[in-house]
Structures are given as structure tokens and as C-alpha cells.
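Novice: Before I ask anything, let me first share the structure, which is written out below as C-alpha cells.
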Amino acid sequence: MSSERPRGKRGKGELGSSRKARAAKNASGKGAPNQGAASGEGPPEETPGKGAWEKGGSRKTAARKGRSKREEKRSGETVVRERSAGGVVIRGSEVVVIVPTRRSSDGSKVLALPKGHLDPGETPLQAAVREVREETGIVGEPVTELGETRYWYRRDGRTIPKSVSFYLFKYIEGDTADHDDEVEEARWVELRQATRELSHAAEREMVARAIAYLETESKDR
């Protein structure tokens with residue numbers, strides 16, 4: 001599987017780009033982290049269902065009728081970039097993580113951040129709010145955009161580019177037992193532990209950015 005090199009350009013986020021967010025990004029490294037083929041990402045997670053901003057969102061359905069896509073040119077052919085969004089939800093010194101029912105390419109369990117495809121008409125932030133609620137049972141308040149990961153994966157003999165926008169959330173309410181059936185387990189772990197144990201390097205990077213943001217915020221108080 002081929003992988004895309006990290007890119008320095010950030011997509012536009014509804015929350016804007018604050019000084020603290022930029023400081024967090026600089027502290028943990030510039031550019032879009034490359035999740036890459038070696039991460040064991042495999043085929044993309046299927047995340048049907050509508051809903052978004054409102055508390056709770058909606059539950060996922062068995063069939064998905066659309067997927068937010070962006071077309072790109074690569075090697076003379078039109079390639080559709082898939083877009084997803086997810087969240088780093090903080091409660092004190094902990095972050096919520098999930099074990100999806102879908103295994104990695106080698107059959108092992110994956111420890112990941114909640115994320116999923118954009119539904120038609122959704123913004124990345126709306127999708128992140130919904131996915132956090134569906135996959136973890138948690139309602140979070142958006143704080144800032146952390147950045148975007150980009151990588152490639154193989155499906156039906158084709159190489160598909162994908163990008164995932166991540167946002168920092170503050171825990172509001174909810175119980176991790178209230179996750180959907182695409183998740184085997186949702187639980188809270190220490191932030192530093194997550195930077196070591198999350199399966200994908202790009203997601204470990206997003207947690208590191210969240211830590212840097214919180215440290216900058218604490219110094220400014």
C-alpha cells in the first residue's frame with residue numbers, strides 16, 4: 001500500500017485558528033500527520049447515519065446512502081478523496097478512546113480515537129460531534145481544530161486517498177457504555193498513555209497536540 005507524504009496545508013475549520021492551536025501544532029510538529037499503510041488502517045470505517053450538532057446526534061444505520069468526497073487528480077486519473085472527522089475528547093487528564101469491532105489487517109485489535117465519514121451536507125466539525133457521540137456515548141464541547149491526517153489505503157485493487165480532520169473537545173456528559181455496535185469498547189485512558197498506546201501514529205500525534213494546547217492554555221491563565 002502506498003502512502004501520501006505529510007502536507008503542511010491545513011484545511012479550514014469552523015472554529016478558526018487560534019494562537020493556542022497554532023502553538024500546539026508547532027509544539028508537536030508541523031504538517032498533516034501521515035497515518036500510512038503501516039498503521040494497519042485497512043478499509044475505511046463505515047459510519048452511516050445522520051445528525052450532527054445537536055446533543056446526542058443520531059444512531060448509525062445499516063446502510064449508508066452517501067459519502068462526502070473530494071475529487072483529486074493523480075497519475076492522470078480522477079481520484080476521489082474520502083473525508084472523515086473525529087475528536088480528542090478530554091476529561092481532566094484523560095481522553096476517551098475506542099476499540100472498533102473491525103480489526104486491523106493482521107487481525108489484531110485497534111485502539112483508536114472516535115472518527116467517521118462525513119454524512120452528506122455535514123461539515124467536518126458536525127461530523128466529529130456526531131461520531132464522538134455515536135462511538136463513545138460522550139457529548140463534548142468543541143474547543144479547537146487540531147489538524148488533519150492524510151493517508152492512502154487499498155480497496156478493490158484501487159488506491160484511495162483519505163483525510164481525517166480532528167477536533168479537541170471538552171467533556172460535557174455521557175457514559176462510555178452507551179457506544180454503538182461498531183465499537184467493541186469505549187474507555188477513558190490517561191493522555192500520556194494514549195500518546196504511547198493508540199494504534200495509529202497520526203492519532204498519537206493528535207493527542208500530543210491536544211496536550212500541547214492544554215499546556216499553553218494553562219500557562220496563559
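Here's how to read the names in the C-alpha cells: chain A, B, ... by the order shown, residue numbers from 1 in each chain, ligand numbers from 1 in the order shown.
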Please return, as number ranges by chain, all residues of range 135-194 of chain A that DSSP assigns to strand (DSSP E) on the basis of the backbone.
Specialist: A: 138-155, 158-174, 183-190
Novice: Those residues you just picked out, can you put them in a file as a short mmCIF file (atom, residue, chain, number, x, y, z; two decimals), in the first residue's frame with C-alpha atoms?
Specialist:
data_model
loop_
_atom_site.label_atom_id
_atom_site.label_comp_id
_atom_site.auth_asym_id
_atom_site.auth_seq_id
_atom_site.Cartn_x
_atom_site.Cartn_y
_atom_site.Cartn_z
CA ILE A 138 -19.99 11.05 25.14
CA VAL A 139 -21.24 14.59 24.47
CA GLY A 140 -18.36 17.04 24.10
CA GLU A 141 -18.00 20.77 23.63
CA PRO A 142 -15.75 21.71 20.66
CA VAL A 143 -12.69 23.73 21.68
CA THR A 144 -10.40 24.00 18.65
CA GLU A 145 -9.32 22.22 15.48
CA LEU A 146 -6.18 20.14 15.99
CA GLY A 147 -5.33 19.36 12.38
CA GLU A 148 -5.78 16.84 9.60
CA THR A 149 -4.27 13.44 8.88
CA ARG A 150 -3.87 12.19 5.32
CA TYR A 151 -3.11 8.72 4.02
CA TRP A 152 -3.87 6.16 1.32
CA TYR A 153 -5.47 2.74 1.57
CA ARG A 154 -6.33 -0.03 -0.89
CA ARG A 155 -9.87 -1.11 -1.76
CA ARG A 158 -7.56 0.77 -6.14
CA THR A 159 -5.58 3.23 -4.08
CA ILE A 160 -7.92 5.62 -2.25
CA PRO A 161 -6.72 8.87 -0.63
CA LYS A 162 -8.32 9.82 2.66
CA SER A 163 -8.19 12.77 5.05
CA VAL A 164 -9.43 12.98 8.65
CA SER A 165 -9.98 16.29 10.46
CA PHE A 166 -9.58 16.14 14.24
CA TYR A 167 -11.01 18.50 16.86
CA LEU A 168 -10.36 18.96 20.54
CA PHE A 169 -13.45 18.55 22.75
CA LYS A 170 -14.15 19.19 26.41
CA TYR A 171 -16.25 16.51 28.12
CA ILE A 172 -19.79 17.62 28.95
CA GLU A 173 -21.72 14.46 29.78
CA GLY A 174 -22.35 10.87 28.79
CA VAL A 183 -17.43 -0.26 18.76
CA GLU A 184 -16.40 -3.15 20.99
CA GLU A 185 -15.33 -0.92 23.87
CA ALA A 186 -15.02 2.78 24.69
CA ARG A 187 -12.98 3.84 27.72
CA TRP A 188 -11.02 6.65 29.32
CA VAL A 189 -7.22 6.50 29.41
CA GLU A 190 -4.56 8.91 30.61
#
Novice: I'd like to know which of A:Val95, A:Arg103, A:Ala112, A:Val79 is closest to Ala201 in chain A, using only C-alpha atoms.
Specialist: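 Of A:Val95, A:Arg103, A:Ala112, A:Val79, the one nearest Ala201 in chain A, counting only C-alpha atoms, is A:Ala112.
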Novice: For the structure I just gave you, how does DSSP split range 115-172 of chain A - specifically, which residues are alpha helix (DSSP H)? Reply as a list in words.
Specialist: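 Matching residues for alpha helix (DSSP H) in range 115-172 of chain A are Pro124, Leu125, Gln126, Ala127, Ala128, Val129, Arg130, Glu131, Val132, Arg133, Glu134, Glu135 and Thr136 of chain A.
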Novice: Would you mind reading off the distance between CA of Tyr213 in chain A and CA of Arg81 in chain A, one decimal, in Å?
Specialist: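 CA of Arg81 in chain A lies at a distance of 28.8 Å from CA of Tyr213 in chain A.
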Novice: Report, in Å to a single decimal, how far apart CA of Ala177 in chain A and CA of Leu214 in chain A are.
Specialist: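 CA of Ala177 in chain A lies 26.7 Å from CA of Leu214 in chain A.
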Novice: Would you please work out which residue, of A:Glu82, A:Glu205, A:Asp178, A:Glu217, is nearest to Val132 in chain A when using only C-alpha atoms?
Specialist: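 Using only C-alpha atoms, the shortest distance to Val132 in chain A belongs to A:Asp178.
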Novice: Using only C-alpha atoms, determine which residues lie at most 7 Å from Glu134 in chain A, disregarding the query and same-chain residues fewer than 2 positions distant; provide the list as a tab-separated table (two decimals) with C-alpha atoms, in the first residue's frame.
Specialist:
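File written: out08.tsv
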chain	number	residue	atom	x	y	z
A	59	ARG	CA	-27.63	6.35	15.75
A	130	ARG	CA	-21.84	13.15	15.84
A	131	GLU	CA	-19.14	10.49	15.62
A	132	VAL	CA	-17.92	11.19	19.15
A	136	THR	CA	-18.27	6.73	22.67
A	137	GLY	CA	-21.61	7.74	24.20
A	179	HIS	CA	-21.47	3.37	22.42
A	180	ASP	CA	-22.86	1.96	19.18
Novice: Quote the spacing between CA of Gly107 in chain A and CA of Leu198 in chain A in Å to one decimal place.
Specialist: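 Result for CA of Gly107 in chain A versus CA of Leu198 in chain A: 16.1 Å, one decimal.
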Novice: Which one is closest to Leu113 in chain A: A:Gln126, A:Ser93, A:Ser199, A:Thr176? Count only C-alpha atoms.
Specialist: A:Ser199
